[in-house]
$ cat protein-v5.txt   # compact mmCIF, C-alpha atoms and all ligand atoms
# COMPACT_ATOMS: atom_id res chain seq x y z
CA MET B 1 -25.63 -42.33 -6.05
CA ASN B 2 -27.28 -40.47 -3.17
CA THR B 3 -28.05 -36.93 -4.36
CA ALA B 4 -30.25 -35.98 -1.37
CA PRO B 5 -29.01 -32.91 0.51
CA PRO B 6 -27.90 -33.45 4.12
CA ALA B 7 -30.70 -33.02 6.67
CA ALA B 8 -28.81 -30.23 8.40
CA ALA B 9 -25.68 -28.33 7.57
CA PRO B 10 -22.71 -29.56 9.61
CA ALA B 11 -21.53 -27.26 12.39
CA ALA B 12 -18.69 -24.94 11.41
CA GLY B 13 -16.46 -26.63 13.95
CA HIS B 14 -16.68 -28.24 17.35
CA LEU B 15 -15.25 -26.52 20.40
CA GLU B 16 -12.79 -28.49 22.48
CA ILE B 17 -14.01 -27.88 26.02
CA ALA B 18 -13.35 -29.10 29.54
CA PRO B 19 -16.78 -29.63 31.19
CA GLY B 20 -16.84 -30.15 34.94
CA VAL B 21 -18.77 -33.41 34.58
CA LEU B 22 -19.40 -35.90 31.78
CA TYR B 23 -22.92 -36.97 32.85
CA PHE B 24 -24.31 -37.10 29.31
CA GLY B 25 -27.83 -38.20 30.17
CA THR B 26 -28.49 -41.54 31.86
CA PRO B 27 -31.48 -42.77 33.87
CA VAL B 28 -31.60 -42.20 37.61
CA VAL B 29 -31.54 -45.36 39.72
CA LEU B 30 -32.31 -45.52 43.44
CA VAL B 31 -30.04 -48.11 45.06
CA SER B 32 -31.21 -49.83 48.27
CA THR B 33 -28.51 -51.56 50.32
CA GLU B 34 -28.16 -52.98 53.83
CA ASN B 35 -26.23 -51.10 56.52
CA GLU B 36 -23.99 -52.74 59.15
CA ASP B 37 -26.80 -52.59 61.74
CA GLY B 38 -29.44 -54.23 59.52
CA THR B 39 -31.18 -50.96 58.58
CA PHE B 40 -31.35 -49.92 54.94
CA ASN B 41 -29.75 -47.15 52.90
CA LEU B 42 -31.09 -45.54 49.72
CA ALA B 43 -28.98 -43.49 47.28
CA PRO B 44 -29.58 -42.00 43.82
CA ILE B 45 -27.08 -42.81 41.11
CA SER B 46 -27.00 -42.35 37.34
CA SER B 47 -23.89 -44.35 36.48
CA ALA B 48 -25.64 -47.62 35.68
CA TRP B 49 -26.04 -49.73 32.56
CA ALA B 50 -27.36 -53.18 31.67
CA LEU B 51 -25.74 -55.99 29.70
CA GLY B 52 -27.96 -59.07 29.68
CA ARG B 53 -28.83 -59.81 33.33
CA THR B 54 -25.78 -57.88 34.56
CA VAL B 55 -26.13 -54.25 35.64
CA VAL B 56 -22.88 -52.35 36.20
CA LEU B 57 -22.79 -49.49 38.70
CA GLY B 58 -20.26 -46.70 39.27
CA LEU B 59 -20.12 -45.57 42.90
CA GLY B 60 -18.11 -43.08 44.92
CA ARG B 61 -15.58 -45.08 46.94
CA GLU B 62 -16.37 -43.26 50.20
CA GLY B 63 -20.16 -43.54 50.09
CA GLN B 64 -22.25 -45.81 52.28
CA THR B 65 -23.62 -47.63 49.23
CA ALA B 66 -20.16 -48.77 48.09
CA ARG B 67 -19.25 -49.69 51.65
CA ASN B 68 -22.44 -51.76 52.07
CA LEU B 69 -22.00 -53.65 48.80
CA GLY B 70 -18.44 -54.59 49.72
CA SER B 71 -19.78 -56.56 52.71
CA ARG B 72 -23.47 -57.28 52.06
CA PRO B 73 -24.13 -57.98 48.37
CA GLY B 74 -27.94 -57.79 48.21
CA LEU B 75 -29.36 -54.66 46.59
CA VAL B 76 -32.38 -53.27 44.76
CA LEU B 77 -32.28 -50.96 41.76
CA SER B 78 -35.55 -48.97 41.69
CA LEU B 79 -36.11 -46.73 38.67
CA PRO B 80 -38.15 -43.58 39.25
CA GLY B 81 -40.29 -41.96 36.59
CA PRO B 82 -39.88 -38.25 35.73
CA GLY B 83 -42.45 -37.11 38.34
CA LEU B 84 -40.23 -38.34 41.19
CA TRP B 85 -37.39 -35.90 40.52
CA PRO B 86 -38.15 -33.78 43.65
CA ALA B 87 -37.85 -36.91 45.84
CA VAL B 88 -34.56 -37.78 44.14
CA GLU B 89 -33.28 -34.28 44.75
CA ARG B 90 -34.25 -34.54 48.44
CA LEU B 91 -31.90 -37.53 48.65
CA ALA B 92 -29.08 -35.74 46.80
CA PRO B 93 -27.37 -34.03 49.80
CA LEU B 94 -27.70 -37.05 52.13
CA THR B 95 -25.36 -39.89 53.01
CA GLY B 96 -25.97 -42.98 55.06
CA ARG B 97 -22.40 -42.84 56.30
CA ASP B 98 -21.63 -41.47 59.79
CA PRO B 99 -19.45 -39.50 60.16
CA VAL B 100 -19.76 -37.85 56.72
CA PRO B 101 -16.57 -38.72 54.78
CA PRO B 102 -14.26 -35.78 53.95
CA GLY B 103 -14.66 -36.17 50.16
CA LYS B 104 -18.41 -35.38 50.24
CA PRO B 105 -19.74 -31.90 49.28
CA ALA B 106 -19.75 -29.36 52.16
CA ASP B 107 -23.57 -29.41 52.46
CA CYS B 108 -23.79 -33.21 52.61
CA ARG B 109 -25.25 -34.54 55.87
CA TYR B 110 -25.79 -37.91 57.52
CA GLU B 111 -29.34 -39.28 57.35
CA PRO B 112 -30.15 -42.73 58.76
CA ASP B 113 -33.73 -42.74 57.37
CA LYS B 114 -33.37 -41.90 53.68
CA PHE B 115 -36.77 -43.37 52.74
CA GLY B 116 -38.47 -41.11 55.29
CA ALA B 117 -36.41 -38.06 54.33
CA ALA B 118 -37.34 -38.49 50.66
CA GLY B 119 -41.00 -39.31 51.35
CA LEU B 120 -40.63 -42.71 49.67
CA THR B 121 -42.12 -46.06 50.73
CA ALA B 122 -40.07 -49.21 51.40
CA VAL B 123 -41.69 -52.50 50.37
CA PRO B 124 -40.14 -55.94 50.97
CA SER B 125 -38.17 -57.67 48.23
CA ARG B 126 -38.45 -61.34 47.30
CA SER B 127 -34.83 -62.45 46.87
CA VAL B 128 -32.72 -59.88 48.77
CA ARG B 129 -32.97 -58.13 52.15
CA PRO B 130 -32.96 -54.45 51.05
CA PRO B 131 -36.45 -53.14 50.19
CA ARG B 132 -37.82 -51.85 46.89
CA VAL B 133 -39.11 -48.29 46.43
CA ALA B 134 -42.89 -48.61 46.03
CA GLU B 135 -43.25 -45.38 44.03
CA CYS B 136 -40.82 -46.57 41.32
CA PRO B 137 -42.58 -48.36 38.43
CA PHE B 138 -39.58 -50.58 37.57
CA GLN B 139 -37.51 -52.42 40.19
CA MET B 140 -34.70 -54.97 39.94
CA GLU B 141 -33.48 -57.11 42.83
CA ALA B 142 -29.83 -58.00 42.39
CA ARG B 143 -26.63 -59.23 44.00
CA ALA B 144 -23.22 -57.57 43.76
CA GLU B 145 -20.94 -60.28 42.39
CA ARG B 146 -17.82 -58.16 41.84
CA VAL B 147 -16.76 -54.90 43.52
CA ARG B 148 -13.45 -53.38 42.42
CA PRO B 149 -11.72 -49.99 42.24
CA ASP B 150 -11.84 -47.97 39.00
CA VAL B 151 -8.65 -46.66 37.37
CA SER B 152 -8.80 -43.32 39.22
CA GLY B 153 -9.13 -44.92 42.65
CA ASP B 154 -11.99 -42.52 43.50
CA PHE B 155 -14.79 -44.87 42.50
CA VAL B 156 -15.72 -48.53 42.62
CA LEU B 157 -17.23 -50.49 39.75
CA VAL B 158 -19.88 -52.95 40.85
CA GLU B 159 -21.11 -55.81 38.67
CA THR B 160 -24.53 -56.89 39.85
CA VAL B 161 -26.62 -59.81 38.62
CA VAL B 162 -30.39 -59.33 38.59
CA SER B 163 -32.41 -61.98 40.41
CA ALA B 164 -35.97 -60.61 40.16
CA VAL B 165 -37.75 -57.88 38.20
CA HIS B 166 -40.93 -56.12 39.32
CA ALA B 167 -42.99 -53.80 37.11
CA ASP B 168 -46.09 -51.69 37.66
CA PRO B 169 -48.82 -53.33 35.51
CA ARG B 170 -49.33 -49.97 33.78
CA ILE B 171 -45.93 -50.26 32.06
CA VAL B 172 -46.31 -53.93 31.03
CA VAL B 173 -47.81 -55.00 27.69
CA PRO B 174 -50.96 -56.85 28.90
CA GLY B 175 -50.60 -60.61 29.04
CA THR B 176 -46.83 -60.53 28.35
CA GLY B 177 -43.54 -60.08 30.21
CA HIS B 178 -42.57 -57.10 28.05
CA ILE B 179 -42.15 -53.54 29.27
CA ASP B 180 -44.19 -51.22 27.04
CA PRO B 181 -41.65 -48.56 25.96
CA ALA B 182 -44.51 -46.17 25.17
CA ALA B 183 -45.78 -46.44 28.75
CA TRP B 184 -42.45 -46.46 30.64
CA SER B 185 -40.36 -43.33 30.85
CA PRO B 186 -37.20 -43.11 32.93
CA LEU B 187 -36.05 -40.02 34.81
CA VAL B 188 -32.92 -38.88 32.95
CA TYR B 189 -30.00 -37.09 34.64
CA ASN B 190 -28.62 -34.83 31.92
CA PHE B 191 -25.54 -32.81 32.99
CA ARG B 192 -27.04 -32.49 36.51
CA HIS B 193 -30.50 -31.49 35.27
CA TYR B 194 -33.57 -33.74 35.29
CA PHE B 195 -35.49 -34.60 32.12
CA GLY B 196 -38.13 -37.10 30.95
CA LEU B 197 -38.23 -38.73 27.54
CA GLY B 198 -39.61 -37.00 24.45
CA PRO B 199 -41.92 -38.79 21.99
CA GLU B 200 -40.82 -42.05 20.38
CA LEU B 201 -38.63 -41.60 17.28
CA GLY B 202 -38.47 -45.19 16.03
CA GLN B 203 -37.60 -48.70 17.08
CA SER B 204 -34.67 -51.10 16.86
CA TYR B 205 -34.91 -53.95 14.38
CA ARG B 206 -34.31 -56.21 17.39
CA THR B 207 -37.34 -55.12 19.39
CA GLN B 208 -39.45 -57.98 20.74
CA THR B 209 -42.23 -55.83 22.14
CA PRO B 210 -45.62 -56.85 20.74
CA ARG B 211 -47.08 -53.49 19.64
CA ASP B 212 -50.59 -54.71 18.80
CA ALA B 213 -51.19 -56.63 22.03
C1 LIG F 1 -29.35 -37.71 40.18
C2 LIG F 1 -28.11 -38.12 40.93
C3 LIG F 1 -27.22 -39.00 40.34
C4 LIG F 1 -26.08 -39.43 41.04
N1 LIG F 1 -25.24 -40.33 40.46
C5 LIG F 1 -24.28 -40.91 41.20
C6 LIG F 1 -23.52 -42.01 40.68
O1 LIG F 1 -23.73 -42.46 39.55
N2 LIG F 1 -22.58 -42.57 41.49
C7 LIG F 1 -22.37 -42.12 42.76
O2 LIG F 1 -21.54 -42.68 43.48
N3 LIG F 1 -23.06 -41.07 43.27
C8 LIG F 1 -24.02 -40.47 42.52
N4 LIG F 1 -24.76 -39.44 43.04
C9 LIG F 1 -24.39 -38.92 44.37
C10 LIG F 1 -24.85 -39.79 45.51
O3 LIG F 1 -26.24 -39.95 45.50
C11 LIG F 1 -24.39 -39.16 46.82
O4 LIG F 1 -22.98 -39.21 46.86
C12 LIG F 1 -24.95 -39.77 48.06
O5 LIG F 1 -24.49 -39.02 49.17
C13 LIG F 1 -24.56 -41.22 48.24
O6 LIG F 1 -25.19 -41.71 49.41
P1 LIG F 1 -24.50 -42.82 50.33
O7 LIG F 1 -23.21 -42.23 50.85
O8 LIG F 1 -25.52 -43.05 51.41
O9 LIG F 1 -24.25 -44.00 49.47
C14 LIG F 1 -25.85 -38.96 42.35
C15 LIG F 1 -26.75 -38.05 42.93
C16 LIG F 1 -27.87 -37.64 42.23
C17 LIG F 1 -28.83 -36.70 42.88
$ encode --input "protein-v5.txt" --output "structure tokens"
Amino acid sequence: MNTAPPAAAPAAGHLEIAPGVLYFGTPVVLVSTENEDGTFNLAPISSAWALGRTVVLGLGREGQTARNLGSRPGLVLSLPGPGLWPAVERLAPLTGRDPVPPGKPADCRYEPDKFGAAGLTAVPSRSVRPPRVAECPFQMEARAERVRPDVSGDFVLVETVVSAVHADPRIVVPGTGHIDPAAWSPLVYNFRHYFGLGPELGQSYRTQTPRDA
């Protein structure tokens, strides 16, 4: 029988609330896509998750990124570290779509050169046309294999399949293909505020990262 006391007393009762957003803390991803004229767009998102080699994205239906992926499937997912949050925030009020669609916030404006506006550097990719973001330590080249509306009709769900992964050597366990979780830290979008990771708490029994390398 477990006689240990609980680590913390349970809360007296949860409040049932109606928050304006449900962005409960997911990494920021910068998505590079190709515009109609062969130039490139760059947009921050946080609705992204990985399942094997598939990464699923949630995108506003009216944005240039969704529009591009519906016609030109190549993309790059570049993950910024915590120090890049000001560059991400410089991208926040910009769209690559001209004219600005009516559903965008009132202060949203068209910007054809998002890399320049954010102060970020485009570097060529190996397997797709859109460029990677040089300043991001972790980058995935991918192809949108399925683009479909979500249940609300306001968003599209994009299933992408990763074709190449690039990592800054400083976040790779030397001599291996493993990301060092102690060296890599994503930029986390937590209810519209930016955070980094805290210290490591533990590890999954399924980890394959060689810790003593
Ligand atoms: C940190 C952050 C996270 C965001 N997450 C998403 C997201 O998950 N999906 C989305 O469609 N837009 C997201 N946005 C908003 C888009 O970046 C914004 O709508 C932008 O104008 C899209 O650019 P585009 O029209 O050129 O594609 C996010 C913005 C920021 C700053």
$ closest_residue --input "protein-v5.txt" --among "B:Ala182, B:Ala92, B:Leu57, B:Leu75" --to "ligand LIG 1 (chain F)" --atoms "all atoms listed in the file"
B:Ala92
$ residues_around --input "protein-v5.txt" --residues "Glu111 (chain B)" --least-positions-apart "4" --cutoff "6 Å" --atoms "all atoms listed in the file" --output "list in words"
Leu94, Thr95 and Gly96 of chain B
$ residues_around --input "protein-v5.txt" --residues "region 35-49 of chain B" --least-positions-apart "5" --cutoff "6 Å" --atoms "all atoms listed in the file" --output "MDAnalysis selection string"
chainID B and resid 26:30 55:58 68 114
$ residues_near_point --input "protein-v5.txt" --point "(-10.8, -40.2, 45.1)" --cutoff "9 Å" --atoms "only C-alpha atoms" --output "list of chain:residue names"
B:Gly60, B:Arg61, B:Glu62, B:Gly103, B:Ser152, B:Gly153, B:Asp154, B:Phe155
$ closest_residue --input "protein-v5.txt" --among "B:Phe115, B:Tyr205, B:Phe191, B:Tyr110" --to "Gly20 (chain B)" --atoms "all atoms listed in the file"
B:Phe191
$ atom_distance --input "protein-v5.txt" --atom1 "CA of Glu159 (chain B)" --atom2 "CA of Ala142 (chain B)"
9.7 Å
$ closest_residue --input "protein-v5.txt" --among "B:Pro80, B:Tyr194, B:Ala164, B:Arg72" --to "Gly25 (chain B)" --atoms "all atoms listed in the file"
B:Tyr194
$ atom_distance --input "protein-v5.txt" --atom1 "CA of Val133 (chain B)" --atom2 "CA of Thr121 (chain B)"
5.7 Å
$ atom_distance --input "protein-v5.txt" --atom1 "CA of Leu22 (chain B)" --atom2 "CA of Tyr189 (chain B)"
11.0 Å
$ closest_residue --input "protein-v5.txt" --among "B:Gly70, B:Pro101, B:Pro137, B:Pro181" --to "ligand LIG 1 (chain F)" --atoms "all atoms listed in the file"
B:Pro101
$ residues_around --input "protein-v5.txt" --residues "Val76 (chain B)" --least-positions-apart "6" --cutoff "9 Å" --atoms "only C-alpha atoms" --output "compact mmCIF listing (two decimals) with C-alpha atoms, keeping the file's coordinate frame"
# COMPACT_ATOMS: atom_id res chain seq x y z
CA LEU B 30 -32.31 -45.52 43.44
CA VAL B 31 -30.04 -48.11 45.06
CA SER B 32 -31.21 -49.83 48.27
CA THR B 33 -28.51 -51.56 50.32
CA SER B 125 -38.17 -57.67 48.23
CA VAL B 128 -32.72 -59.88 48.77
CA ARG B 129 -32.97 -58.13 52.15
CA PRO B 130 -32.96 -54.45 51.05
CA PRO B 131 -36.45 -53.14 50.19
CA ARG B 132 -37.82 -51.85 46.89
CA VAL B 133 -39.11 -48.29 46.43
CA GLN B 139 -37.51 -52.42 40.19
CA MET B 140 -34.70 -54.97 39.94
CA GLU B 141 -33.48 -57.11 42.83
CA ALA B 142 -29.83 -58.00 42.39
CA ARG B 143 -26.63 -59.23 44.00
CA VAL B 162 -30.39 -59.33 38.59
$ decode --input "protein-v5.txt" --residues "region 14-56 of chain B" --atoms "N, CA and C atoms" --output "PDB file, in the first residue's frame"
ATOM      1  N   HIS B  14     -11.205  23.366 -10.142  1.00  0.00           N
ATOM      2  CA  HIS B  14     -10.817  24.088 -11.353  1.00  0.00           C
ATOM      3  C   HIS B  14     -11.918  25.059 -11.756  1.00  0.00           C
ATOM      4  N   LEU B  15     -11.494  26.155 -12.396  1.00  0.00           N
ATOM      5  CA  LEU B  15     -12.457  27.100 -12.954  1.00  0.00           C
ATOM      6  C   LEU B  15     -12.777  26.670 -14.377  1.00  0.00           C
ATOM      7  N   GLU B  16     -14.004  26.709 -14.761  1.00  0.00           N
ATOM      8  CA  GLU B  16     -14.325  26.520 -16.177  1.00  0.00           C
ATOM      9  C   GLU B  16     -14.282  27.886 -16.821  1.00  0.00           C
ATOM     10  N   ILE B  17     -13.361  28.054 -17.770  1.00  0.00           N
ATOM     11  CA  ILE B  17     -13.120  29.371 -18.370  1.00  0.00           C
ATOM     12  C   ILE B  17     -13.264  29.295 -19.881  1.00  0.00           C
ATOM     13  N   ALA B  18     -13.229  30.462 -20.513  1.00  0.00           N
ATOM     14  CA  ALA B  18     -13.341  30.526 -21.974  1.00  0.00           C
ATOM     15  C   ALA B  18     -12.198  31.385 -22.510  1.00  0.00           C
ATOM     16  N   PRO B  19     -10.950  30.838 -22.518  1.00  0.00           N
ATOM     17  CA  PRO B  19      -9.814  31.648 -22.992  1.00  0.00           C
ATOM     18  C   PRO B  19      -9.971  31.996 -24.467  1.00  0.00           C
ATOM     19  N   GLY B  20      -9.364  33.137 -24.841  1.00  0.00           N
ATOM     20  CA  GLY B  20      -9.477  33.589 -26.231  1.00  0.00           C
ATOM     21  C   GLY B  20      -8.740  32.679 -27.190  1.00  0.00           C
ATOM     22  N   VAL B  21      -7.639  32.081 -26.741  1.00  0.00           N
ATOM     23  CA  VAL B  21      -6.890  31.139 -27.574  1.00  0.00           C
ATOM     24  C   VAL B  21      -6.546  29.904 -26.747  1.00  0.00           C
ATOM     25  N   LEU B  22      -6.207  28.833 -27.439  1.00  0.00           N
ATOM     26  CA  LEU B  22      -5.846  27.577 -26.767  1.00  0.00           C
ATOM     27  C   LEU B  22      -4.401  27.194 -27.097  1.00  0.00           C
ATOM     28  N   TYR B  23      -3.537  28.192 -27.284  1.00  0.00           N
ATOM     29  CA  TYR B  23      -2.140  27.930 -27.647  1.00  0.00           C
ATOM     30  C   TYR B  23      -1.369  27.575 -26.390  1.00  0.00           C
ATOM     31  N   PHE B  24      -1.367  26.288 -26.035  1.00  0.00           N
ATOM     32  CA  PHE B  24      -0.904  25.835 -24.718  1.00  0.00           C
ATOM     33  C   PHE B  24       0.591  25.594 -24.630  1.00  0.00           C
ATOM     34  N   GLY B  25       1.354  26.135 -25.577  1.00  0.00           N
ATOM     35  CA  GLY B  25       2.801  26.036 -25.450  1.00  0.00           C
ATOM     36  C   GLY B  25       3.387  25.030 -26.412  1.00  0.00           C
ATOM     37  N   THR B  26       3.666  25.486 -27.635  1.00  0.00           N
ATOM     38  CA  THR B  26       4.253  24.615 -28.659  1.00  0.00           C
ATOM     39  C   THR B  26       5.391  25.385 -29.334  1.00  0.00           C
ATOM     40  N   PRO B  27       6.387  24.670 -29.862  1.00  0.00           N
ATOM     41  CA  PRO B  27       7.526  25.362 -30.465  1.00  0.00           C
ATOM     42  C   PRO B  27       7.131  26.211 -31.667  1.00  0.00           C
ATOM     43  N   VAL B  28       7.846  27.313 -31.838  1.00  0.00           N
ATOM     44  CA  VAL B  28       7.679  28.147 -33.025  1.00  0.00           C
ATOM     45  C   VAL B  28       8.437  27.502 -34.183  1.00  0.00           C
ATOM     46  N   VAL B  29       7.796  27.515 -35.349  1.00  0.00           N
ATOM     47  CA  VAL B  29       8.411  27.013 -36.582  1.00  0.00           C
ATOM     48  C   VAL B  29       8.313  28.114 -37.630  1.00  0.00           C
ATOM     49  N   LEU B  30       9.402  28.379 -38.333  1.00  0.00           N
ATOM     50  CA  LEU B  30       9.362  29.322 -39.455  1.00  0.00           C
ATOM     51  C   LEU B  30       9.202  28.522 -40.735  1.00  0.00           C
ATOM     52  N   VAL B  31       8.116  28.793 -41.468  1.00  0.00           N
ATOM     53  CA  VAL B  31       7.785  28.006 -42.662  1.00  0.00           C
ATOM     54  C   VAL B  31       8.162  28.798 -43.909  1.00  0.00           C
ATOM     55  N   SER B  32       9.086  28.252 -44.703  1.00  0.00           N
ATOM     56  CA  SER B  32       9.449  28.854 -45.994  1.00  0.00           C
ATOM     57  C   SER B  32       8.656  28.160 -47.089  1.00  0.00           C
ATOM     58  N   THR B  33       8.038  28.959 -47.956  1.00  0.00           N
ATOM     59  CA  THR B  33       7.292  28.402 -49.094  1.00  0.00           C
ATOM     60  C   THR B  33       7.574  29.247 -50.337  1.00  0.00           C
ATOM     61  N   GLU B  34       7.150  28.747 -51.490  1.00  0.00           N
ATOM     62  CA  GLU B  34       7.415  29.444 -52.754  1.00  0.00           C
ATOM     63  C   GLU B  34       6.169  30.178 -53.228  1.00  0.00           C
ATOM     64  N   ASN B  35       6.338  31.464 -53.531  1.00  0.00           N
ATOM     65  CA  ASN B  35       5.235  32.275 -54.058  1.00  0.00           C
ATOM     66  C   ASN B  35       5.006  32.000 -55.541  1.00  0.00           C
ATOM     67  N   GLU B  36       3.895  32.515 -56.062  1.00  0.00           N
ATOM     68  CA  GLU B  36       3.531  32.328 -57.475  1.00  0.00           C
ATOM     69  C   GLU B  36       4.643  32.784 -58.421  1.00  0.00           C
ATOM     70  N   ASP B  37       5.336  33.869 -58.050  1.00  0.00           N
ATOM     71  CA  ASP B  37       6.341  34.468 -58.939  1.00  0.00           C
ATOM     72  C   ASP B  37       7.743  33.899 -58.730  1.00  0.00           C
ATOM     73  N   GLY B  38       7.875  32.835 -57.936  1.00  0.00           N
ATOM     74  CA  GLY B  38       9.186  32.210 -57.733  1.00  0.00           C
ATOM     75  C   GLY B  38       9.983  32.809 -56.587  1.00  0.00           C
ATOM     76  N   THR B  39       9.476  33.888 -55.956  1.00  0.00           N
ATOM     77  CA  THR B  39      10.118  34.391 -54.744  1.00  0.00           C
ATOM     78  C   THR B  39       9.651  33.527 -53.563  1.00  0.00           C
ATOM     79  N   PHE B  40      10.169  33.828 -52.379  1.00  0.00           N
ATOM     80  CA  PHE B  40       9.890  32.954 -51.239  1.00  0.00           C
ATOM     81  C   PHE B  40       9.239  33.710 -50.090  1.00  0.00           C
ATOM     82  N   ASN B  41       8.325  33.021 -49.417  1.00  0.00           N
ATOM     83  CA  ASN B  41       7.632  33.580 -48.257  1.00  0.00           C
ATOM     84  C   ASN B  41       8.154  32.898 -46.996  1.00  0.00           C
ATOM     85  N   LEU B  42       8.004  33.587 -45.860  1.00  0.00           N
ATOM     86  CA  LEU B  42       8.443  33.035 -44.577  1.00  0.00           C
ATOM     87  C   LEU B  42       7.405  33.430 -43.534  1.00  0.00           C
ATOM     88  N   ALA B  43       6.873  32.472 -42.789  1.00  0.00           N
ATOM     89  CA  ALA B  43       5.832  32.780 -41.804  1.00  0.00           C
ATOM     90  C   ALA B  43       6.041  31.977 -40.528  1.00  0.00           C
ATOM     91  N   PRO B  44       5.877  32.627 -39.348  1.00  0.00           N
ATOM     92  CA  PRO B  44       5.943  31.871 -38.100  1.00  0.00           C
ATOM     93  C   PRO B  44       4.631  31.162 -37.830  1.00  0.00           C
ATOM     94  N   ILE B  45       4.738  29.907 -37.380  1.00  0.00           N
ATOM     95  CA  ILE B  45       3.563  29.193 -36.897  1.00  0.00           C
ATOM     96  C   ILE B  45       3.952  28.479 -35.598  1.00  0.00           C
ATOM     97  N   SER B  46       2.943  28.022 -34.865  1.00  0.00           N
ATOM     98  CA  SER B  46       3.224  27.182 -33.687  1.00  0.00           C
ATOM     99  C   SER B  46       2.341  25.938 -33.680  1.00  0.00           C
ATOM    100  N   SER B  47       1.448  25.849 -34.645  1.00  0.00           N
ATOM    101  CA  SER B  47       0.591  24.662 -34.744  1.00  0.00           C
ATOM    102  C   SER B  47       1.296  23.647 -35.634  1.00  0.00           C
ATOM    103  N   ALA B  48       2.210  22.891 -35.034  1.00  0.00           N
ATOM    104  CA  ALA B  48       2.987  21.904 -35.783  1.00  0.00           C
ATOM    105  C   ALA B  48       3.372  20.776 -34.850  1.00  0.00           C
ATOM    106  N   TRP B  49       3.281  19.535 -35.345  1.00  0.00           N
ATOM    107  CA  TRP B  49       3.710  18.396 -34.543  1.00  0.00           C
ATOM    108  C   TRP B  49       4.167  17.259 -35.452  1.00  0.00           C
ATOM    109  N   ALA B  50       5.063  16.434 -34.892  1.00  0.00           N
ATOM    110  CA  ALA B  50       5.709  15.384 -35.693  1.00  0.00           C
ATOM    111  C   ALA B  50       5.197  14.014 -35.298  1.00  0.00           C
ATOM    112  N   LEU B  51       5.061  13.153 -36.308  1.00  0.00           N
ATOM    113  CA  LEU B  51       4.673  11.759 -36.114  1.00  0.00           C
ATOM    114  C   LEU B  51       5.511  10.970 -37.109  1.00  0.00           C
ATOM    115  N   GLY B  52       6.569  10.314 -36.630  1.00  0.00           N
ATOM    116  CA  GLY B  52       7.506   9.700 -37.566  1.00  0.00           C
ATOM    117  C   GLY B  52       8.114  10.773 -38.448  1.00  0.00           C
ATOM    118  N   ARG B  53       8.119  10.538 -39.777  1.00  0.00           N
ATOM    119  CA  ARG B  53       8.677  11.529 -40.716  1.00  0.00           C
ATOM    120  C   ARG B  53       7.624  12.527 -41.179  1.00  0.00           C
ATOM    121  N   THR B  54       6.412  12.406 -40.665  1.00  0.00           N
ATOM    122  CA  THR B  54       5.338  13.334 -41.042  1.00  0.00           C
ATOM    123  C   THR B  54       5.273  14.466 -40.033  1.00  0.00           C
ATOM    124  N   VAL B  55       5.160  15.697 -40.522  1.00  0.00           N
ATOM    125  CA  VAL B  55       4.925  16.845 -39.646  1.00  0.00           C
ATOM    126  C   VAL B  55       3.623  17.497 -40.109  1.00  0.00           C
ATOM    127  N   VAL B  56       2.682  17.632 -39.188  1.00  0.00           N
ATOM    128  CA  VAL B  56       1.363  18.184 -39.505  1.00  0.00           C
ATOM    129  C   VAL B  56       1.329  19.657 -39.100  1.00  0.00           C
TER     130      VAL B  56
END
